[in-house]
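As stored in my_file-v9.cif (mmCIF, C-alpha atoms):
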```
data_protein
#
loop_
_atom_site.group_PDB
_atom_site.id
_atom_site.type_symbol
_atom_site.label_atom_id
_atom_site.label_comp_id
_atom_site.auth_asym_id
_atom_site.auth_seq_id
_atom_site.Cartn_x
_atom_site.Cartn_y
_atom_site.Cartn_z
ATOM 1 C CA MET A 1 91.714 129.392 58.784
ATOM 2 C CA SER A 2 90.575 131.373 61.825
ATOM 3 C CA GLN A 3 92.884 131.589 64.803
ATOM 4 C CA ILE A 4 92.049 129.218 67.683
ATOM 5 C CA SER A 5 91.169 131.002 70.913
ATOM 6 C CA HIS A 6 91.165 129.748 74.504
ATOM 7 C CA PRO A 7 89.947 131.397 77.745
ATOM 8 C CA ASN A 8 93.318 130.831 79.457
ATOM 9 C CA ILE A 9 95.151 132.779 76.743
ATOM 10 C CA VAL A 10 94.847 136.556 76.971
ATOM 11 C CA GLY A 11 97.065 139.115 75.290
ATOM 12 C CA GLY A 12 99.350 136.444 73.857
ATOM 13 C CA TRP A 13 100.049 134.816 77.251
ATOM 14 C CA PHE A 14 98.751 131.523 78.653
ATOM 15 C CA LYS A 15 97.992 131.551 82.389
ATOM 16 C CA GLU A 16 97.105 128.457 84.380
ATOM 17 C CA SER A 17 93.773 128.181 86.162
ATOM 18 C CA ALA A 18 93.893 125.794 89.103
ATOM 19 C CA THR A 19 92.307 125.614 92.533
ATOM 20 C CA MET A 20 95.086 123.493 94.057
ATOM 21 C CA TRP A 21 97.603 126.340 94.175
ATOM 22 C CA PRO A 22 95.615 129.492 95.038
ATOM 23 C CA GLY A 23 97.306 132.850 94.643
ATOM 24 C CA GLN A 24 99.859 131.753 92.048
ATOM 25 C CA ALA A 25 99.892 130.687 88.402
ATOM 26 C CA MET A 26 102.459 129.749 85.771
ATOM 27 C CA SER A 27 102.317 131.917 82.667
ATOM 28 C CA LEU A 28 103.959 131.230 79.287
ATOM 29 C CA LYS A 29 104.090 133.392 76.178
ATOM 30 C CA VAL A 30 102.193 131.884 73.254
ATOM 31 C CA VAL A 31 103.308 131.791 69.632
ATOM 32 C CA GLU A 32 100.353 129.813 68.295
ATOM 33 C CA VAL A 33 97.502 127.650 69.539
ATOM 34 C CA LEU A 34 97.980 124.278 67.835
ATOM 35 C CA HIS A 35 94.959 122.371 69.126
ATOM 36 C CA HIS A 36 91.941 122.778 71.378
ATOM 37 C CA GLU A 37 89.067 120.418 72.075
ATOM 38 C CA LYS A 38 86.678 119.348 74.787
ATOM 39 C CA SER A 39 87.178 115.605 75.044
ATOM 40 C CA LEU A 40 84.774 113.278 76.823
ATOM 41 C CA PHE A 41 86.720 113.897 80.038
ATOM 42 C CA GLN A 42 88.533 117.259 79.983
ATOM 43 C CA ASP A 43 89.616 120.404 78.181
ATOM 44 C CA VAL A 44 92.637 119.594 75.970
ATOM 45 C CA LEU A 45 94.902 122.403 74.744
ATOM 46 C CA VAL A 46 98.247 122.383 72.953
ATOM 47 C CA PHE A 47 100.121 125.575 72.117
ATOM 48 C CA GLN A 48 103.553 126.514 70.835
ATOM 49 C CA SER A 49 105.375 128.738 73.332
ATOM 50 C CA THR A 50 108.214 131.157 72.742
ATOM 51 C CA ASN A 51 110.724 129.461 75.066
ATOM 52 C CA HIS A 52 109.364 126.063 76.144
ATOM 53 C CA GLY A 53 108.430 124.402 72.862
ATOM 54 C CA ASN A 54 105.000 122.827 72.549
ATOM 55 C CA VAL A 55 102.926 122.703 75.729
ATOM 56 C CA LEU A 56 100.151 120.252 76.683
ATOM 57 C CA VAL A 57 97.456 121.640 78.993
ATOM 58 C CA LEU A 58 94.562 119.689 80.537
ATOM 59 C CA ASP A 59 91.720 121.562 82.247
ATOM 60 C CA GLY A 60 93.809 124.712 82.381
ATOM 61 C CA VAL A 61 96.853 123.051 84.003
ATOM 62 C CA ILE A 62 100.230 122.500 82.305
ATOM 63 C CA GLN A 63 100.996 118.770 81.961
ATOM 64 C CA CYS A 64 104.289 118.989 80.094
ATOM 65 C CA THR A 65 106.457 121.239 77.972
ATOM 66 C CA GLU A 66 109.051 120.112 75.454
ATOM 67 C CA ARG A 67 111.711 122.081 77.325
ATOM 68 C CA ASP A 68 111.571 120.352 80.722
ATOM 69 C CA GLU A 69 109.412 117.215 80.368
ATOM 70 C CA PHE A 70 112.436 114.913 80.581
ATOM 71 C CA ALA A 71 112.951 115.619 84.293
ATOM 72 C CA TYR A 72 109.531 114.280 85.274
ATOM 73 C CA GLN A 73 109.411 111.404 82.775
ATOM 74 C CA GLU A 74 112.850 110.088 83.736
ATOM 75 C CA MET A 75 112.302 110.282 87.480
ATOM 76 C CA ILE A 76 108.825 108.726 87.665
ATOM 77 C CA SER A 77 110.111 105.879 85.463
ATOM 78 C CA HIS A 78 113.667 105.130 86.570
ATOM 79 C CA LEU A 79 113.164 105.568 90.322
ATOM 80 C CA PRO A 80 110.881 102.495 90.529
ATOM 81 C CA LEU A 81 112.438 100.507 87.684
ATOM 82 C CA ASN A 82 115.950 100.760 89.109
ATOM 83 C CA SER A 83 114.574 99.855 92.547
ATOM 84 C CA HIS A 84 113.445 96.471 91.198
ATOM 85 C CA PRO A 85 115.998 93.697 90.575
ATOM 86 C CA ASN A 86 114.427 92.478 87.329
ATOM 87 C CA PRO A 87 111.307 94.326 86.126
ATOM 88 C CA ARG A 88 109.915 92.355 83.201
ATOM 89 C CA LYS A 89 106.263 93.400 83.072
ATOM 90 C CA VAL A 90 105.328 97.061 83.604
ATOM 91 C CA LEU A 91 101.990 98.882 83.748
ATOM 92 C CA VAL A 92 101.609 102.623 83.151
ATOM 93 C CA ILE A 93 98.310 104.233 84.175
ATOM 94 C CA GLY A 94 97.799 107.637 82.594
ATOM 95 C CA GLY A 95 100.799 108.988 80.747
ATOM 96 C CA GLY A 96 98.944 109.387 77.472
ATOM 97 C CA ASP A 97 101.659 111.703 76.134
ATOM 98 C CA GLY A 98 103.966 108.677 75.805
ATOM 99 C CA GLY A 99 106.872 110.102 77.794
ATOM 100 C CA VAL A 100 106.891 107.421 80.482
ATOM 101 C CA LEU A 101 106.733 104.697 77.820
ATOM 102 C CA ARG A 102 109.779 106.247 76.146
ATOM 103 C CA GLU A 103 111.730 105.902 79.393
ATOM 104 C CA VAL A 104 110.473 102.452 80.433
ATOM 105 C CA VAL A 105 111.638 100.778 77.231
ATOM 106 C CA LYS A 106 115.197 102.009 77.871
ATOM 107 C CA HIS A 107 115.401 99.070 80.311
ATOM 108 C CA GLU A 108 116.359 96.012 78.267
ATOM 109 C CA CYS A 109 115.047 93.661 80.956
ATOM 110 C CA VAL A 110 111.489 94.944 80.435
ATOM 111 C CA GLU A 111 109.664 92.470 78.208
ATOM 112 C CA GLU A 112 106.248 94.128 78.078
ATOM 113 C CA VAL A 113 104.779 97.507 79.027
ATOM 114 C CA THR A 114 101.076 98.310 78.922
ATOM 115 C CA LEU A 115 99.673 101.840 79.016
ATOM 116 C CA VAL A 116 96.120 102.396 80.248
ATOM 117 C CA GLU A 117 94.853 105.899 79.413
ATOM 118 C CA ILE A 118 91.254 106.932 79.968
ATOM 119 C CA ASP A 119 91.250 109.773 77.410
ATOM 120 C CA GLU A 120 92.084 108.839 73.828
ATOM 121 C CA ALA A 121 92.356 112.540 72.985
ATOM 122 C CA VAL A 122 95.560 112.855 75.016
ATOM 123 C CA VAL A 123 97.197 110.019 73.065
ATOM 124 C CA ARG A 124 95.993 111.305 69.703
ATOM 125 C CA VAL A 125 97.032 114.918 70.305
ATOM 126 C CA SER A 126 100.410 113.959 71.769
ATOM 127 C CA LYS A 127 101.299 111.825 68.767
ATOM 128 C CA LYS A 128 100.733 114.861 66.543
ATOM 129 C CA HIS A 129 102.176 117.688 68.634
ATOM 130 C CA LEU A 130 104.646 116.050 71.069
ATOM 131 C CA PRO A 131 106.552 113.640 68.806
ATOM 132 C CA ALA A 132 109.678 113.385 70.992
ATOM 133 C CA MET A 133 107.503 112.083 73.848
ATOM 134 C CA ALA A 134 105.138 110.007 71.718
ATOM 135 C CA LEU A 135 108.128 107.975 70.490
ATOM 136 C CA GLY A 136 107.221 105.600 73.305
ATOM 137 C CA PHE A 137 104.122 104.413 71.448
ATOM 138 C CA GLU A 138 106.207 103.093 68.551
ATOM 139 C CA HIS A 139 108.205 100.508 70.527
ATOM 140 C CA PRO A 140 107.247 96.856 69.885
ATOM 141 C CA LYS A 141 107.135 96.079 73.627
ATOM 142 C CA VAL A 142 104.326 98.616 74.150
ATOM 143 C CA ASN A 143 100.601 97.828 74.337
ATOM 144 C CA VAL A 144 98.004 100.614 74.629
ATOM 145 C CA HIS A 145 94.593 100.200 76.268
ATOM 146 C CA ILE A 146 92.119 103.100 76.204
ATOM 147 C CA GLY A 147 89.995 102.712 79.286
ATOM 148 C CA ASP A 148 89.622 103.120 83.026
ATOM 149 C CA GLY A 149 92.581 102.251 85.269
ATOM 150 C CA PHE A 150 90.333 100.977 88.084
ATOM 151 C CA ALA A 151 88.616 98.443 85.854
ATOM 152 C CA TYR A 152 91.888 97.323 84.282
ATOM 153 C CA LEU A 153 93.533 96.701 87.665
ATOM 154 C CA LYS A 154 90.576 94.642 88.862
ATOM 155 C CA GLU A 155 91.030 92.348 85.869
ATOM 156 C CA ASN A 156 94.816 91.973 86.212
ATOM 157 C CA THR A 157 95.661 90.904 89.754
ATOM 158 C CA GLY A 158 99.170 89.614 90.460
ATOM 159 C CA SER A 159 100.375 90.609 86.995
ATOM 160 C CA TYR A 160 103.009 93.375 87.176
ATOM 161 C CA ASP A 161 106.490 93.938 88.580
ATOM 162 C CA VAL A 162 106.190 97.733 88.464
ATOM 163 C CA ILE A 163 103.139 99.996 88.186
ATOM 164 C CA ILE A 164 103.649 103.676 87.357
ATOM 165 C CA THR A 165 100.732 106.082 87.739
ATOM 166 C CA ASP A 166 101.395 109.214 85.697
ATOM 167 C CA SER A 167 98.308 111.178 86.635
ATOM 168 C CA SER A 168 97.296 114.802 86.554
ATOM 169 C CA ASP A 169 96.287 116.505 89.814
ATOM 170 C CA PRO A 170 93.513 114.987 91.995
ATOM 171 C CA VAL A 171 90.673 116.901 90.371
ATOM 172 C CA GLY A 172 88.518 115.849 87.425
ATOM 173 C CA PRO A 173 89.251 112.446 85.843
ATOM 174 C CA ALA A 174 92.395 111.872 87.962
ATOM 175 C CA GLU A 175 90.766 112.443 91.364
ATOM 176 C CA SER A 176 90.146 108.732 91.965
ATOM 177 C CA LEU A 177 93.840 107.905 91.367
ATOM 178 C CA PHE A 178 94.758 109.408 94.751
ATOM 179 C CA GLN A 179 92.218 107.429 96.763
ATOM 180 C CA GLU A 180 93.086 104.610 99.161
ATOM 181 C CA SER A 181 91.025 102.125 97.147
ATOM 182 C CA PHE A 182 93.151 102.770 94.046
ATOM 183 C CA PHE A 183 96.392 102.150 95.939
ATOM 184 C CA ASP A 184 94.939 98.874 97.197
ATOM 185 C CA LEU A 185 94.025 97.819 93.652
ATOM 186 C CA MET A 186 97.576 98.540 92.547
ATOM 187 C CA ARG A 187 98.857 96.435 95.446
ATOM 188 C CA GLN A 188 96.713 93.527 94.335
ATOM 189 C CA ALA A 189 97.954 93.866 90.739
ATOM 190 C CA LEU A 190 101.624 93.509 91.746
ATOM 191 C CA ARG A 191 103.712 90.379 91.609
ATOM 192 C CA PRO A 192 105.748 89.435 94.716
ATOM 193 C CA GLY A 193 108.528 91.977 95.212
ATOM 194 C CA GLY A 194 106.713 94.508 93.042
ATOM 195 C CA LEU A 195 106.452 98.229 93.530
ATOM 196 C CA ILE A 196 104.434 101.226 92.463
ATOM 197 C CA CYS A 197 105.369 104.829 91.765
ATOM 198 C CA THR A 198 102.794 107.592 91.554
ATOM 199 C CA GLN A 199 102.842 111.316 90.939
ATOM 200 C CA GLY A 200 103.112 112.808 94.416
ATOM 201 C CA GLU A 201 102.257 116.520 94.149
ATOM 202 C CA CYS A 202 104.307 119.443 95.523
ATOM 203 C CA GLN A 203 105.830 119.687 98.989
ATOM 204 C CA TRP A 204 105.589 123.507 98.867
ATOM 205 C CA LEU A 205 101.820 123.369 98.350
ATOM 206 C CA HIS A 206 100.330 119.993 99.240
ATOM 207 C CA LEU A 207 102.010 118.610 102.374
ATOM 208 C CA ASP A 208 98.682 117.654 103.976
ATOM 209 C CA LEU A 209 97.640 115.700 100.884
ATOM 210 C CA ILE A 210 101.065 114.045 100.597
ATOM 211 C CA LYS A 211 100.995 113.048 104.259
ATOM 212 C CA GLN A 212 97.530 111.538 103.884
ATOM 213 C CA VAL A 213 98.594 109.506 100.830
ATOM 214 C CA LEU A 214 101.714 108.245 102.640
ATOM 215 C CA THR A 215 99.697 107.366 105.761
ATOM 216 C CA ASN A 216 97.118 105.442 103.739
ATOM 217 C CA SER A 217 99.834 103.676 101.754
ATOM 218 C CA ARG A 218 101.575 102.453 104.902
ATOM 219 C CA LYS A 219 98.396 100.580 105.833
ATOM 220 C CA MET A 220 98.886 98.425 102.737
ATOM 221 C CA TYR A 221 102.602 98.385 101.854
ATOM 222 C CA PRO A 222 105.501 97.505 104.190
ATOM 223 C CA VAL A 223 107.855 99.953 102.436
ATOM 224 C CA VAL A 224 106.755 103.486 101.501
ATOM 225 C CA GLU A 225 109.043 106.358 100.464
ATOM 226 C CA TYR A 226 108.733 109.885 99.074
ATOM 227 C CA ALA A 227 111.086 111.464 96.527
ATOM 228 C CA TRP A 228 111.054 114.637 94.462
ATOM 229 C CA ALA A 229 112.437 116.366 91.369
ATOM 230 C CA SER A 230 112.754 119.875 89.993
ATOM 231 C CA VAL A 231 110.485 120.658 87.017
ATOM 232 C CA PRO A 232 110.376 124.427 86.338
ATOM 233 C CA THR A 233 106.912 124.583 84.737
ATOM 234 C CA TYR A 234 105.167 122.589 87.479
ATOM 235 C CA PRO A 235 103.687 124.426 90.498
ATOM 236 C CA SER A 236 106.502 125.955 92.556
ATOM 237 C CA GLY A 237 108.957 124.235 90.206
ATOM 238 C CA GLN A 238 108.794 120.931 92.062
ATOM 239 C CA ILE A 239 106.981 117.579 91.872
ATOM 240 C CA GLY A 240 107.046 114.540 94.137
ATOM 241 C CA PHE A 241 106.786 110.766 93.777
ATOM 242 C CA VAL A 242 105.269 108.181 96.127
ATOM 243 C CA LEU A 243 107.017 104.795 95.942
ATOM 244 C CA CYS A 244 105.600 101.693 97.620
ATOM 245 C CA CYS A 245 106.906 98.112 97.660
ATOM 246 C CA ASN A 246 105.088 94.963 98.750
ATOM 247 C CA GLU A 247 108.269 93.285 100.061
ATOM 248 C CA GLU A 248 109.353 93.904 103.652
ATOM 249 C CA GLY A 249 112.814 95.400 104.071
ATOM 250 C CA ARG A 250 113.359 96.537 100.486
ATOM 251 C CA GLU A 251 115.693 99.527 100.019
ATOM 252 C CA LEU A 252 114.232 102.052 97.573
ATOM 253 C CA ARG A 253 116.467 105.005 98.350
ATOM 254 C CA LYS A 254 119.464 103.479 96.603
ATOM 255 C CA PRO A 255 119.153 101.878 93.157
ATOM 256 C CA LEU A 256 119.382 98.089 92.980
ATOM 257 C CA ARG A 257 120.349 98.428 89.321
ATOM 258 C CA SER A 258 122.205 101.285 87.647
ATOM 259 C CA PHE A 259 122.806 102.468 84.117
ATOM 260 C CA SER A 260 126.403 102.795 82.965
ATOM 261 C CA LYS A 261 127.981 106.243 83.121
ATOM 262 C CA GLU A 262 128.068 106.245 79.320
ATOM 263 C CA PHE A 263 124.341 105.463 79.156
ATOM 264 C CA GLU A 264 123.474 108.172 81.682
ATOM 265 C CA ASP A 265 125.489 110.773 79.780
ATOM 266 C CA SER A 266 124.145 109.879 76.334
ATOM 267 C CA LYS A 267 120.577 108.664 76.936
ATOM 268 C CA LEU A 268 119.425 110.590 80.029
ATOM 269 C CA ARG A 269 119.214 114.273 80.904
ATOM 270 C CA TYR A 270 118.110 114.309 84.575
ATOM 271 C CA TYR A 271 118.162 110.889 86.255
ATOM 272 C CA SER A 272 121.355 109.184 87.417
ATOM 273 C CA ALA A 273 122.246 106.783 90.216
ATOM 274 C CA THR A 274 123.464 109.761 92.257
ATOM 275 C CA VAL A 275 120.278 111.749 91.617
ATOM 276 C CA HIS A 276 118.242 108.649 92.571
ATOM 277 C CA ALA A 277 119.685 108.660 96.094
ATOM 278 C CA ALA A 278 119.527 112.449 96.421
ATOM 279 C CA ALA A 279 115.843 112.554 95.448
ATOM 280 C CA PHE A 280 114.810 111.063 98.807
ATOM 281 C CA VAL A 281 116.563 113.791 100.815
ATOM 282 C CA LEU A 282 113.818 116.250 101.749
ATOM 283 C CA PRO A 283 114.223 119.819 102.993
ATOM 284 C CA THR A 284 113.741 120.064 106.748
ATOM 285 C CA PHE A 285 110.254 121.628 106.665
ATOM 286 C CA ALA A 286 108.931 118.824 104.472
ATOM 287 C CA ARG A 287 110.723 116.022 106.321
ATOM 288 C CA VAL A 288 109.410 117.200 109.709
ATOM 289 C CA ALA A 289 105.872 117.636 108.385
ATOM 290 C CA LEU A 290 105.761 114.215 106.740
ATOM 291 C CA GLU A 291 107.286 112.455 109.758
ATOM 292 C CA SER A 292 104.697 113.889 112.143
ATOM 293 C CA LYS A 293 101.575 111.879 112.840
ATOM 294 C CA ILE A 294 98.159 112.862 111.498
ATOM 295 C CA VAL A 295 96.017 114.049 114.375
#
```
Final structure tokens representation of the file:
Amino acid sequence: MSQISHPNIVGGWFKESATMWPGQAMSLKVVEVLHHEKSLFQDVLVFQSTNHGNVLVLDGVIQCTERDEFAYQEMISHLPLNSHPNPRKVLVIGGGDGGVLREVVKHECVEEVTLVEIDEAVVRVSKKHLPAMALGFEHPKVNVHIGDGFAYLKENTGSYDVIITDSSDPVGPAESLFQESFFDLMRQALRPGGLICTQGECQWLHLDLIKQVLTNSRKMYPVVEYAWASVPTYPSGQIGFVLCCNEEGRELRKPLRSFSKEFEDSKLRYYSATVHAAAFVLPTFARVALESKIV
């Protein structure tokens, strides 16, 4: 069998290609290219790296590595779920690698979780090459719908306690997931007291975009917060989360529910009740920028 090649891999090293962080790029040493295809929506690449396990790349941008994926998956899931008193019905938009599903079903109170992924290739490839993440697909509480998140939300108003949008960056198929109209559709799909959590980009690189998303969200939701986590293989080693709740006065910065210490130590690797609260503490440059008004 001939060796699979890819334009982002030169001299045994993968290097990201992305317009959203000009002048810098993450590079990982490659052992073997495991999969490459052009799906209906994007370029899909999986390779085995020397130090980060298997790596999923979409349109030249790292989506997850087996070494550090847990930080992102745990935070985007448990921040909103532990900010809700009793989340029973959960919707995940994107997240075709299955990692968010794996975390959501750790909450015994969740009765049903539906994943809506536009690109079946991401689900198919993840099940084969990212088995520790794709475990989420095997749980009996999980339903999978291959299709467009916009259309699904329009057909499911007032249906969910928590909506998690695990999207790639706002280019290509994920661009629409950062628009004001999408946040309004999510609002309409929530039950009373519900909340959303979306991937919120990097405070080192995208403060203007983050501020715009927060400003637009505050037009629709009475409670809007921004948190962050450290993920070494994401741009600048950091990723943020936008949390919005449709109930006035709700406290999102401190968990309403908490896992036991034994559960945190045995079942989690990044998230804890203490980390939950700390995640909303921003460095001064970011706090000042996000508190200032858009001119």
Hey, can you check how far CA of Gly193 (chain A) sits from CA of Asn246 (chain A)?
5.8 Å
Kindly give the distance, in Å, that separates CA of Ala277 (chain A) and CA of Asp184 (chain A), rounded to a single decimal.
26.6 Å
Written as a ChimeraX atom specification, what is the full residue list that the PyMOL selection byres ((chain A and resi 271) around 8) yields on the file shown?
/A:71,74-75,78,264,268-270,272-273,275-276
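The interatomic distance for the pair CA of Ile196 (chain A) and CA of Val162 (chain A) works out to 5.6 Å.
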Quick one: what's the axis-aligned box for region 144-149 of chain A, all listed atoms, 5 Å on every side, centre and edges in Å to one decimal, as JSON?
```
{"center_x": 93.8, "center_y": 101.7, "center_z": 79.9, "size_x": 18.4, "size_y": 12.9, "size_z": 20.6}
```
Local residues around (107.7, 98.5, 92.9), at most 8 Å away, using all atoms listed in the file, as a list in words
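In the file's frame, the residues around the point are Pro80, Leu81, Ser83, His84, Asp161, Val162, Ile163, Leu190, Gly193, Gly194, Leu195, Ile196, Cys197, Leu243, Cys244, Cys245 and Asn246 of chain A.
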Expand the PyMOL selection byres ((chain A and resi 201-208) around 10) into the explicit residue set it covers here, and present it as a ChimeraX atom specification.
/A:20-22,168-170,198-200,209-214,228-229,234-242,282-283,285-287,289-290,294
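Residues selected in this file by the PyMOL selection byres ((chain A and resi 116-121) around 6) comprise A:Ile93, A:Gly94, A:Gly96, A:Leu115, A:Val122, A:Val123, A:Arg124, A:Val125, A:His145, A:Ile146, A:Gly147, A:Asp148.
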Which residues of region 43-88 of chain A sit at most 7 Å from region 103-112 of chain A, using all atoms listed in the file? Give each one's shortest atom pair and distance in Å (one decimal place), in chain and ascending residue order, as JSON lines.
```
{"residue": "A:Gln73", "atom": "CA", "partner": "A:Glu103", "partner_atom": "CA", "distance": 6.9}
{"residue": "A:Glu74", "atom": "CA", "partner": "A:Glu103", "partner_atom": "CA", "distance": 6.1}
{"residue": "A:Ser77", "atom": "CA", "partner": "A:Val104", "partner_atom": "CA", "distance": 6.1}
{"residue": "A:Asn86", "atom": "CA", "partner": "A:Cys109", "partner_atom": "CA", "distance": 6.5}
{"residue": "A:Pro87", "atom": "CA", "partner": "A:Val110", "partner_atom": "CA", "distance": 5.7}
{"residue": "A:Arg88", "atom": "CA", "partner": "A:Val110", "partner_atom": "CA", "distance": 4.1}
```
Nearest-residue call for Glu180 (chain A), choices A:Asn156, A:Ser292, A:Ala151, A:Arg218, using all atoms listed in the file
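Comparing A:Asn156, A:Ser292, A:Ala151, A:Arg218 against Glu180 (chain A), the winner is A:Arg218.
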Smallest atom-to-atom distance to Glu225 (chain A): which of A:Ala279, A:Leu256, A:Leu153, A:Lys38, using all atoms listed in the file?
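With all atoms listed in the file as the atom set, the closest residue is A:Ala279.
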